[in-house]
>>> print(open('input01.txt').read())   # compact mmCIF, C-alpha atoms and all ligand atoms
# COMPACT_ATOMS: atom_id res chain seq x y z
CA MET N 1 -65.27 39.38 96.45
CA SER N 2 -66.36 35.81 97.24
CA VAL N 3 -65.83 32.41 95.63
CA GLU N 4 -69.56 32.32 94.76
CA VAL N 5 -69.48 35.69 92.98
CA CYS N 6 -66.35 34.66 91.02
CA ALA N 7 -67.96 31.38 90.00
CA SER N 8 -71.10 33.08 88.71
CA CYS N 9 -69.05 35.77 86.97
CA LEU N 10 -67.04 33.06 85.16
CA SER N 11 -70.22 31.12 84.32
CA ASN N 12 -71.54 34.25 82.58
CA GLY N 13 -68.50 34.38 80.27
CA ASP N 14 -66.93 37.21 82.26
CA VAL N 15 -63.41 37.39 83.73
CA CYS N 16 -62.08 37.93 87.26
CA VAL N 17 -58.71 37.70 89.00
CA LEU N 18 -57.98 34.55 91.02
CA PRO N 19 -55.07 33.71 93.31
CA THR N 20 -52.90 30.71 92.48
CA GLU N 21 -49.86 29.35 94.31
CA THR N 22 -47.64 30.67 91.45
CA VAL N 23 -48.94 34.18 90.55
CA TYR N 24 -52.40 35.83 90.34
CA GLY N 25 -54.29 34.81 87.19
CA LEU N 26 -56.75 36.64 84.95
CA ALA N 27 -59.39 33.92 84.86
CA GLY N 28 -62.14 33.05 82.37
CA SER N 29 -63.98 29.94 81.22
CA ALA N 30 -61.69 28.02 78.84
CA ILE N 31 -64.76 27.00 76.82
CA SER N 32 -66.26 30.50 76.42
CA SER N 33 -65.03 32.33 73.34
CA ASN N 34 -66.18 35.62 74.91
CA ALA N 35 -64.09 35.06 78.04
CA ILE N 36 -61.03 34.06 76.01
CA LYS N 37 -61.36 37.20 73.85
CA LYS N 38 -61.57 39.35 77.00
CA ILE N 39 -58.44 37.75 78.49
CA TYR N 40 -56.34 38.48 75.38
CA LYS N 41 -57.76 41.99 75.09
CA ILE N 42 -57.27 43.03 78.74
CA LYS N 43 -53.69 41.69 78.84
CA GLY N 44 -52.76 42.95 75.37
CA ARG N 45 -51.48 39.38 74.89
CA PRO N 46 -50.40 38.44 71.36
CA PRO N 47 -52.72 35.79 69.86
CA ASN N 48 -49.76 33.44 69.30
CA ASN N 49 -49.22 33.04 73.05
CA PRO N 50 -51.41 30.11 74.23
CA LEU N 51 -53.17 29.95 77.61
CA ILE N 52 -52.90 27.43 80.45
CA VAL N 53 -56.14 25.61 81.26
CA HIS N 54 -56.73 24.87 84.96
CA VAL N 55 -58.56 21.76 86.15
CA LEU N 56 -59.31 20.15 89.52
CA ASP N 57 -57.47 16.89 88.93
CA HIS N 58 -56.16 14.40 86.37
CA GLU N 59 -59.63 12.86 85.89
CA SER N 60 -61.19 16.19 84.96
CA ALA N 61 -58.32 16.92 82.55
CA PHE N 62 -59.48 13.84 80.60
CA ASP N 63 -62.53 15.80 79.33
CA PHE N 64 -60.32 18.37 77.60
CA CYS N 65 -57.15 16.61 76.52
CA HIS N 66 -55.71 13.15 75.83
CA THR N 67 -54.07 12.16 79.09
CA ASN N 68 -51.65 9.19 79.22
CA ASN N 69 -49.68 7.01 81.65
CA VAL N 70 -46.93 9.56 82.08
CA SER N 71 -49.37 12.39 82.82
CA LYS N 72 -51.04 10.14 85.42
CA ILE N 73 -47.72 9.42 87.17
CA LEU N 74 -46.72 13.10 87.12
CA ALA N 75 -50.15 14.23 88.34
CA ASP N 76 -49.99 11.74 91.22
CA ALA N 77 -46.58 13.11 92.17
CA PHE N 78 -47.04 16.87 91.62
CA TRP N 79 -50.73 17.83 91.33
CA PRO N 80 -52.16 19.99 92.66
CA GLY N 81 -49.07 22.10 92.10
CA PRO N 82 -46.96 24.27 89.80
CA LEU N 83 -46.39 21.75 86.98
CA THR N 84 -48.14 22.32 83.61
CA PHE N 85 -48.51 19.48 81.10
CA ILE N 86 -48.62 19.90 77.32
CA LEU N 87 -50.96 17.22 75.92
CA PRO N 88 -52.96 16.69 72.69
CA LYS N 89 -56.17 18.71 72.97
CA LYS N 90 -59.76 17.57 72.50
CA ASP N 91 -62.20 19.54 70.29
CA ILE N 92 -63.96 21.22 73.23
CA ILE N 93 -60.85 23.42 73.65
CA SER N 94 -60.88 26.04 70.92
CA ASN N 95 -57.93 27.14 68.79
CA SER N 96 -58.03 30.58 70.38
CA VAL N 97 -56.99 29.03 73.73
CA THR N 98 -54.09 27.10 72.19
CA ALA N 99 -53.00 29.70 69.61
CA GLY N 100 -53.92 27.24 66.86
CA LEU N 101 -51.83 24.35 68.24
CA ASP N 102 -53.31 20.87 68.49
CA THR N 103 -51.90 20.59 72.00
CA VAL N 104 -53.12 22.27 75.18
CA ALA N 105 -51.37 23.33 78.41
CA VAL N 106 -53.15 21.94 81.49
CA ARG N 107 -52.50 22.19 85.21
CA SER N 108 -54.21 21.64 88.55
CA PRO N 109 -53.62 24.65 90.84
CA ALA N 110 -53.06 24.15 94.58
CA HIS N 111 -54.43 27.44 95.90
CA PRO N 112 -57.52 26.56 98.02
CA LEU N 113 -59.59 29.52 96.72
CA PHE N 114 -58.89 28.71 93.07
CA ARG N 115 -59.85 25.09 93.79
CA LYS N 116 -63.12 26.19 95.43
CA VAL N 117 -64.01 28.16 92.28
CA LEU N 118 -63.14 25.11 90.13
CA GLU N 119 -65.42 22.96 92.31
CA LYS N 120 -68.34 25.34 91.68
CA VAL N 121 -68.05 25.64 87.90
CA GLU N 122 -68.35 22.89 85.33
CA PHE N 123 -65.65 24.02 82.96
CA PRO N 124 -61.85 24.37 83.00
CA ILE N 125 -60.50 27.85 83.72
CA ALA N 126 -57.94 29.64 81.55
CA ALA N 127 -55.83 31.97 83.69
CA PRO N 128 -52.65 33.68 82.44
CA SER N 129 -50.92 36.07 84.84
CA ALA N 130 -53.03 39.11 85.74
CA ASN N 131 -50.72 41.75 84.31
CA LEU N 132 -50.29 43.44 80.95
CA SER N 133 -48.29 41.39 78.44
CA THR N 134 -44.46 41.58 78.90
CA GLN N 135 -44.75 43.26 82.33
CA ILE N 136 -43.99 41.89 85.81
CA SER N 137 -46.35 39.17 87.07
CA PRO N 138 -48.44 39.97 90.20
CA THR N 139 -47.96 38.00 93.42
CA SER N 140 -50.47 39.88 95.64
CA LYS N 141 -53.79 41.74 95.31
CA ARG N 142 -51.88 45.01 95.53
CA ASP N 143 -49.65 44.03 92.61
CA VAL N 144 -52.72 43.19 90.52
CA LEU N 145 -54.23 46.62 91.22
CA ASP N 146 -50.89 48.28 90.37
CA ALA N 147 -50.65 46.28 87.15
CA MET N 148 -54.23 46.64 85.93
CA GLY N 149 -55.15 50.12 87.14
CA LYS N 150 -58.71 51.29 87.55
CA ASN N 151 -60.18 49.01 84.88
CA CYS N 152 -59.11 45.97 86.92
CA PRO N 153 -61.68 43.13 86.97
CA TYR N 154 -62.87 41.78 90.35
CA ILE N 155 -60.10 40.24 92.45
CA LEU N 156 -60.47 37.31 94.83
CA ASP N 157 -57.86 38.07 97.50
CA GLY N 158 -55.87 34.97 98.42
CA GLY N 159 -52.84 36.61 100.11
CA THR N 160 -49.28 36.45 98.83
CA CYS N 161 -48.52 33.69 96.33
CA ASN N 162 -46.47 30.84 97.75
CA PHE N 163 -44.14 30.21 94.83
CA GLY N 164 -44.12 33.66 93.24
CA ILE N 165 -43.04 32.51 89.77
CA GLU N 166 -44.97 30.75 87.01
CA SER N 167 -45.35 26.97 86.77
CA THR N 168 -42.83 24.64 85.17
CA VAL N 169 -44.14 23.66 81.70
CA ILE N 170 -43.39 20.12 80.51
CA ASP N 171 -44.16 18.68 77.08
CA LEU N 172 -45.62 15.17 77.41
CA THR N 173 -46.34 14.65 73.71
CA ASP N 174 -42.93 13.13 73.05
CA SER N 175 -40.52 10.75 74.71
CA PRO N 176 -38.45 11.62 76.63
CA VAL N 177 -40.66 14.35 78.03
CA LYS N 178 -39.16 17.83 77.85
CA ILE N 179 -39.18 20.96 80.03
CA LEU N 180 -40.37 23.94 77.94
CA ARG N 181 -40.35 26.53 80.72
CA HIS N 182 -38.27 26.42 83.89
CA GLY N 183 -40.28 26.97 87.06
CA PRO N 184 -40.63 25.92 90.70
CA ILE N 185 -40.32 22.18 89.93
CA SER N 186 -36.99 21.16 88.42
CA ALA N 187 -36.16 18.34 86.01
CA SER N 188 -34.10 16.55 88.67
CA GLU N 189 -36.99 16.74 91.16
CA ILE N 190 -39.29 15.15 88.56
CA GLU N 191 -36.73 12.44 87.78
CA SER N 192 -35.99 11.62 91.40
CA LYS N 193 -39.66 11.51 92.45
CA THR N 194 -41.05 9.56 89.48
CA GLY N 195 -38.10 7.91 87.71
CA ILE N 196 -39.30 9.52 84.46
CA LYS N 197 -36.40 10.72 82.29
CA VAL N 198 -36.73 14.44 81.55
CA ASN N 199 -34.96 16.43 78.86
CA PHE N 200 -34.28 20.00 79.73
CA PRO N 201 -32.86 22.66 77.49
CA ASP N 202 -29.29 22.54 78.81
CA SER N 203 -28.37 20.27 75.97
CA GLN N 204 -30.13 22.45 73.41
CA GLU N 205 -28.92 25.41 71.41
CA LYS N 206 -27.57 28.27 73.51
CA SER N 207 -28.42 31.92 73.00
CA PRO N 208 -25.71 34.63 72.77
CA THR N 209 -25.90 35.01 76.57
CA ASN N 210 -25.14 31.30 76.76
CA GLU N 211 -28.50 30.58 78.35
CA PRO N 212 -30.85 27.82 77.18
CA GLN N 213 -33.36 28.66 74.43
CA LEU N 214 -36.74 27.22 75.33
CA ASN N 215 -38.79 26.12 72.39
CA SER N 216 -42.35 27.08 73.32
CA PRO N 217 -44.71 29.63 71.83
CA GLY N 218 -45.15 32.70 73.98
CA GLN N 219 -41.69 32.38 75.54
CA MET N 220 -40.90 35.92 74.49
CA SER N 221 -37.39 37.22 74.93
CA LYS N 222 -38.86 40.30 76.65
CA HIS N 223 -41.06 39.39 79.61
CA TYR N 224 -41.41 40.25 83.30
CA ALA N 225 -39.77 43.60 82.48
CA PRO N 226 -39.71 46.58 84.85
CA THR N 227 -40.03 50.07 83.30
CA THR N 228 -36.57 51.00 84.61
CA PRO N 229 -33.86 49.41 82.42
CA LEU N 230 -32.44 46.33 84.13
CA ARG N 231 -28.68 45.78 83.77
CA LEU N 232 -27.89 42.11 84.18
CA PHE N 233 -24.30 41.18 85.14
CA LYS N 234 -22.90 37.67 84.76
CA SER N 235 -21.73 37.54 88.37
CA PHE N 236 -21.58 39.46 91.63
CA ASP N 237 -17.90 40.24 90.91
CA ASP N 238 -18.77 41.80 87.55
CA LEU N 239 -21.46 43.92 89.22
CA SER N 240 -19.08 45.01 92.01
CA ASN N 241 -16.40 46.02 89.51
CA PHE N 242 -18.76 48.18 87.48
CA HIS N 243 -18.89 51.87 88.28
CA LEU N 244 -22.30 52.41 89.95
CA ASN N 245 -23.43 55.56 91.74
CA LYS N 246 -26.10 56.26 94.33
CA LYS N 247 -27.88 58.89 92.25
CA ASN N 248 -28.57 56.80 89.16
CA ASP N 249 -28.39 53.20 90.31
CA LEU N 250 -29.98 50.71 92.58
CA ILE N 251 -29.00 47.09 93.11
CA ILE N 252 -30.93 43.86 93.63
CA LEU N 253 -28.95 41.05 95.30
CA PRO N 254 -30.05 37.45 95.92
CA SER N 255 -29.15 37.30 99.62
CA ASN N 256 -28.68 39.84 102.41
CA LYS N 257 -25.75 37.76 103.68
CA THR N 258 -23.59 39.13 100.84
CA ASN N 259 -20.35 40.85 101.90
CA LEU N 260 -20.41 44.24 100.25
CA PRO N 261 -17.25 45.85 98.86
CA VAL N 262 -16.86 49.57 99.69
CA SER N 263 -17.81 50.49 96.10
CA LEU N 264 -21.39 49.23 96.64
CA GLN N 265 -21.98 50.48 100.15
CA LYS N 266 -23.50 53.82 99.15
CA VAL N 267 -25.88 52.44 96.54
CA GLN N 268 -29.47 51.51 97.52
CA ILE N 269 -29.84 47.73 97.70
CA PHE N 270 -32.89 45.45 97.62
CA TYR N 271 -32.46 41.83 98.71
CA LEU N 272 -34.36 38.87 97.29
CA SER N 273 -33.95 36.66 100.36
CA LYS N 274 -32.41 36.20 103.78
CA THR N 275 -31.16 32.75 102.88
CA GLY N 276 -30.10 32.66 99.23
CA GLU N 277 -32.48 29.67 98.87
CA PHE N 278 -34.20 29.22 95.48
CA ARG N 279 -37.65 29.07 97.08
CA ASP N 280 -37.27 32.44 98.88
CA ILE N 281 -35.66 34.17 95.91
CA ALA N 282 -38.48 32.98 93.63
CA GLN N 283 -41.20 34.08 96.03
CA ASN N 284 -39.79 37.61 96.27
CA LEU N 285 -38.46 38.11 92.74
CA PHE N 286 -41.44 39.85 91.10
CA ARG N 287 -42.36 41.83 94.25
CA VAL N 288 -38.82 43.19 94.60
CA LEU N 289 -38.61 44.02 90.88
CA ARG N 290 -41.83 46.06 91.28
CA GLU N 291 -40.57 47.86 94.39
CA ALA N 292 -37.24 48.65 92.76
CA ASP N 293 -39.04 49.93 89.66
CA LYS N 294 -41.07 52.38 91.77
CA ILE N 295 -37.87 54.15 92.99
CA ARG N 296 -37.36 55.47 89.44
CA LYS N 297 -33.56 55.38 89.28
CA ASN N 298 -31.89 55.28 85.86
CA PHE N 299 -30.88 51.63 86.21
CA ILE N 300 -31.70 48.56 88.25
CA ASN N 301 -28.57 46.38 88.51
CA THR N 302 -28.51 42.70 89.35
CA HIS N 303 -26.59 39.54 88.48
CA LEU N 304 -27.25 35.98 87.30
CA LEU N 305 -27.27 33.18 89.86
CA PRO N 306 -24.79 30.29 89.46
CA GLU N 307 -25.43 28.13 86.39
CA GLU N 308 -27.05 25.34 88.42
CA GLU N 309 -30.24 23.63 87.36
CA LYS N 310 -32.07 24.70 90.53
CA TYR N 311 -31.57 28.37 89.61
CA SER N 312 -32.61 27.97 85.93
CA ALA N 313 -36.09 29.43 86.46
CA ILE N 314 -34.74 32.55 88.20
CA ASN N 315 -31.99 33.10 85.61
CA ASP N 316 -34.48 32.63 82.80
CA LYS N 317 -36.76 35.32 84.28
CA LEU N 318 -33.83 37.71 84.90
CA ILE N 319 -32.67 37.37 81.30
CA ARG N 320 -36.15 38.11 79.95
CA ALA N 321 -36.61 41.04 82.37
CA SER N 322 -33.26 42.61 81.50
CA SER N 323 -32.59 45.19 78.84
CA ILE N 324 -28.79 45.31 79.13
CA ASN N 325 -26.60 42.21 79.52
CA ILE N 326 -23.11 42.87 80.83
P1 LIG T 1 -48.67 31.81 81.30
O1 LIG T 1 -48.28 33.00 80.48
O2 LIG T 1 -47.96 31.69 82.61
O3 LIG T 1 -50.12 31.63 81.40
O4 LIG T 1 -48.12 30.51 80.53
C1 LIG T 1 -48.48 30.16 79.29
C2 LIG T 1 -47.27 29.59 78.62
O5 LIG T 1 -47.39 28.17 78.54
C3 LIG T 1 -47.16 30.06 77.19
O6 LIG T 1 -46.53 31.28 77.14
C4 LIG T 1 -46.36 28.94 76.55
O7 LIG T 1 -45.00 29.17 76.73
C5 LIG T 1 -46.79 27.72 77.33
N1 LIG T 1 -47.81 26.98 76.56
C6 LIG T 1 -49.15 27.09 76.63
N2 LIG T 1 -49.75 26.26 75.77
C7 LIG T 1 -48.77 25.59 75.12
C8 LIG T 1 -48.75 24.57 74.12
N3 LIG T 1 -49.86 24.07 73.63
N4 LIG T 1 -47.54 24.14 73.70
C9 LIG T 1 -46.39 24.62 74.24
N5 LIG T 1 -46.34 25.58 75.19
C10 LIG T 1 -47.51 26.06 75.63
MG MG T 2 -47.54 35.86 82.24
>>> encode(input="input01.txt", output="structure tokens")
Amino acid sequence: MSVEVCASCLSNGDVCVLPTETVYGLAGSAISSNAIKKIYKIKGRPPNNPLIVHVLDHESAFDFCHTNNVSKILADAFWPGPLTFILPKKDIISNSVTAGLDTVAVRSPAHPLFRKVLEKVEFPIAAPSANLSTQISPTSKRDVLDAMGKNCPYILDGGTCNFGIESTVIDLTDSPVKILRHGPISASEIESKTGIKVNFPDSQEKSPTNEPQLNSPGQMSKHYAPTTPLRLFKSFDDLSNFHLNKKNDLIILPSNKTNLPVSLQKVQIFYLSKTGEFRDIAQNLFRVLREADKIRKNFINTHLLPEEEKYSAINDKLIRASSINI
């Protein structure tokens, strides 16, 4: 499928699947009520989970929301890229896009094919991940087909997504600005690049697992979940000390440089990276979860990464994907 066909499909109020640098998105015109209805219906997304609106640049965002000095500085530093701003919306954006909120989520994607589609249409594009609600997000055309089955809308193939996890969401309606969803861009990166002070949920209320609670609609506690129950251990040591067996269990580990104790050597292992670097782990996380899920063992076992800010996005996804916390 070509950029031209996607653009005309979107202009007709239809939906298609577009690649972004984060994950593949189920795209529709953000100003077409038909397209928005289709997105919610196809994904089975609850109506209280608002959509992200994609624009070419900060100037085009001005038509749909009230931009400000801080959004300009952040856009200059990080757009196009995986940073989503929450800003007061203008009337052209309907309540169905924002789940009734008077703010809207807006971002400028970096993927060249998505940008070409944006250049051809005259409206912003809503594009949540192209998977069914609560399931694992797709990072390749194959994943989209797996996730959507035979009723899948047209897909524009843009290869494997660079980042592999969803954008960082930052609320710019208040001061200091606040991270609502951890993602590829961290609070410290924003502070060091722009000097803007950023609140992030470390200082906020902690959940029973002692992880930050993010206060944003649609941040469901179950998300990114494989069909196989995921057991999440607090550390590699806890995982190693648990009695696992090769018939029922498989393991996902962050790095293939891990020294394995004898107890784990017979169990099938998937690795998230060769380096243990955040960037590699993020890029492979959803793909590896899908592959592990396909093996159909009784349990997938993995562990949290160290409680460092740079790993917040991965830990947040693991917690939402897990069904058993140990
Ligand atoms: P995604 O599912 O990746 O498309 O991301 C959409 C997420 O962005 C939602 O689940 C919310 O967590 C967040 N979001 C979207 N719009 C708003 C908004 N107006 N205020 C706060 N968070 C929002
Ligand atoms: Mg999603």
>>> closest_residue(input="input01.txt", among="N:Gly183, N:Pro153, N:Pro254, N:Gly276", to="Asp316 in chain N", atoms="all atoms listed in the file")
N:Gly183
>>> atom_distance(input="input01.txt", atom1="CA of Ala313 in chain N", atom2="CA of Pro124 in chain N")
26.5 Å
>>> residues_around(input="input01.txt", residues="Lys38 in chain N", least_positions_apart="6", cutoff="12 Å", atoms="only C-alpha atoms", output="list in words")
Leu10, Gly13, Asp14, Val15, Cys16, Leu26, Ala27, Gly28, Ser29, Ala30, Ser32, Gly44, Arg45, Pro47, Ser96, Val97, Ala126, Ala127, Pro128 and Pro153 of chain N
>>> residues_near_ligand(input="input01.txt", ligand="ligand MG 2 (chain T)", cutoff="12 Å", atoms="only C-alpha atoms and all ligand atoms", output="PyMOL selection string")
chain N and resi 22-26+39-40+43-46+49-52+127-139+147+164-167+181+218-220+222-225+286+317+320
>>> write_last_selection(input="input01.txt", atoms="C-alpha atoms", output="JSON list (two decimals), keeping the file's coordinate frame")
[["chain", "number", "residue", "atom", "x", "y", "z"],
["N", 22, "THR", "CA", -47.64, 30.67, 91.45],
["N", 23, "VAL", "CA", -48.94, 34.18, 90.55],
["N", 24, "TYR", "CA", -52.40, 35.83, 90.34],
["N", 25, "GLY", "CA", -54.29, 34.81, 87.19],
["N", 26, "LEU", "CA", -56.75, 36.64, 84.95],
["N", 39, "ILE", "CA", -58.44, 37.75, 78.49],
["N", 40, "TYR", "CA", -56.34, 38.48, 75.38],
["N", 43, "LYS", "CA", -53.69, 41.69, 78.84],
["N", 44, "GLY", "CA", -52.76, 42.95, 75.37],
["N", 45, "ARG", "CA", -51.48, 39.38, 74.89],
["N", 46, "PRO", "CA", -50.40, 38.44, 71.36],
["N", 49, "ASN", "CA", -49.22, 33.04, 73.05],
["N", 50, "PRO", "CA", -51.41, 30.11, 74.23],
["N", 51, "LEU", "CA", -53.17, 29.95, 77.61],
["N", 52, "ILE", "CA", -52.90, 27.43, 80.45],
["N", 127, "ALA", "CA", -55.83, 31.97, 83.69],
["N", 128, "PRO", "CA", -52.65, 33.68, 82.44],
["N", 129, "SER", "CA", -50.92, 36.07, 84.84],
["N", 130, "ALA", "CA", -53.03, 39.11, 85.74],
["N", 131, "ASN", "CA", -50.72, 41.75, 84.31],
["N", 132, "LEU", "CA", -50.29, 43.44, 80.95],
["N", 133, "SER", "CA", -48.29, 41.39, 78.44],
["N", 134, "THR", "CA", -44.46, 41.58, 78.90],
["N", 135, "GLN", "CA", -44.75, 43.26, 82.33],
["N", 136, "ILE", "CA", -43.99, 41.89, 85.81],
["N", 137, "SER", "CA", -46.35, 39.17, 87.07],
["N", 138, "PRO", "CA", -48.44, 39.97, 90.20],
["N", 139, "THR", "CA", -47.96, 38.00, 93.42],
["N", 147, "ALA", "CA", -50.65, 46.28, 87.15],
["N", 164, "GLY", "CA", -44.12, 33.66, 93.24],
["N", 165, "ILE", "CA", -43.04, 32.51, 89.77],
["N", 166, "GLU", "CA", -44.97, 30.75, 87.01],
["N", 167, "SER", "CA", -45.35, 26.97, 86.77],
["N", 181, "ARG", "CA", -40.35, 26.53, 80.72],
["N", 218, "GLY", "CA", -45.15, 32.70, 73.98],
["N", 219, "GLN", "CA", -41.69, 32.38, 75.54],
["N", 220, "MET", "CA", -40.90, 35.92, 74.49],
["N", 222, "LYS", "CA", -38.86, 40.30, 76.65],
["N", 223, "HIS", "CA", -41.06, 39.39, 79.61],
["N", 224, "TYR", "CA", -41.41, 40.25, 83.30],
["N", 225, "ALA", "CA", -39.77, 43.60, 82.48],
["N", 286, "PHE", "CA", -41.44, 39.85, 91.10],
["N", 317, "LYS", "CA", -36.76, 35.32, 84.28],
["N", 320, "ARG", "CA", -36.15, 38.11, 79.95]]
>>> atom_distance(input="input01.txt", atom1="CA of Cys161 in chain N", atom2="CA of Glu122 in chain N")
25.1 Å
>>> atom_distance(input="input01.txt", atom1="CA of Ala61 in chain N", atom2="CA of Ile179 in chain N")
19.7 Å
>>> closest_residue(input="input01.txt", among="N:Thr194, N:Ser108, N:Asn241, N:Ser221", to="Ile125 in chain N", atoms="only C-alpha atoms")
N:Ser108
>>> residues_around(input="input01.txt", residues="Leu232 in chain N", least_positions_apart="3", cutoff="9 Å", atoms="all atoms listed in the file", output="compact mmCIF listing (two decimals) with C-alpha atoms, in the frame of the given file")
# COMPACT_ATOMS: atom_id res chain seq x y z
CA SER N 235 -21.73 37.54 88.37
CA LEU N 239 -21.46 43.92 89.22
CA ILE N 300 -31.70 48.56 88.25
CA ASN N 301 -28.57 46.38 88.51
CA THR N 302 -28.51 42.70 89.35
CA HIS N 303 -26.59 39.54 88.48
CA LEU N 304 -27.25 35.98 87.30
CA LEU N 318 -33.83 37.71 84.90
CA ILE N 319 -32.67 37.37 81.30
CA ALA N 321 -36.61 41.04 82.37
CA SER N 322 -33.26 42.61 81.50
CA SER N 323 -32.59 45.19 78.84
CA ILE N 324 -28.79 45.31 79.13
CA ASN N 325 -26.60 42.21 79.52
CA ILE N 326 -23.11 42.87 80.83
>>> closest_residue(input="input01.txt", among="N:Asn248, N:Ser192, N:Asn315, N:Arg290", to="Asp146 in chain N", atoms="all atoms listed in the file")
N:Arg290
>>> axis_aligned_box(input="input01.txt", around="range 160-165 of chain N", padding_each_side="6 Å", output="JSON")
{"center_x": -46.2, "center_y": 33.3, "center_z": 94.3, "size_x": 18.2, "size_y": 18.2, "size_z": 21.1}
>>> closest_atom_pairs(input="input01.txt", of="range 104-150 of chain N", to="range 82-86 of chain N", cutoff="8 Å", atoms="all atoms listed in the file", output="CSV")
residue,atom,partner,partner_atom,distance
N:Val104,CA,N:Ile86,CA,5.5
N:Ala105,CA,N:Ile86,CA,4.5
N:Val106,CA,N:Phe85,CA,5.3
N:Arg107,CA,N:Thr84,CA,4.6
N:Ser108,CA,N:Pro82,CA,7.8
N:Pro109,CA,N:Pro82,CA,6.8
N:Ala110,CA,N:Pro82,CA,7.8
>>> closest_residue(input="input01.txt", among="N:Ile281, N:Ile31, N:Val144, N:Ile42", to="Thr98 in chain N", atoms="only C-alpha atoms")
N:Ile31
>>> residues_around(input="input01.txt", residues="Glu189 in chain N", least_positions_apart="3", cutoff="12 Å", atoms="all atoms listed in the file", output="MDAnalysis selection string")
chainID N and resid 74 77:78 83 168 183:186 192:198 309:310
>>> closest_residue(input="input01.txt", among="N:Glu291, N:Asp63, N:Asp174, N:Glu277", to="ligand LIG 1 (chain T)", atoms="all atoms listed in the file")
N:Asp174
>>> residues_near_point(input="input01.txt", point="(-34.4, 57.1, 88.9)", cutoff="8 Å", atoms="all atoms listed in the file", output="PyMOL selection string")
chain N and resi 228+247-249+295-299
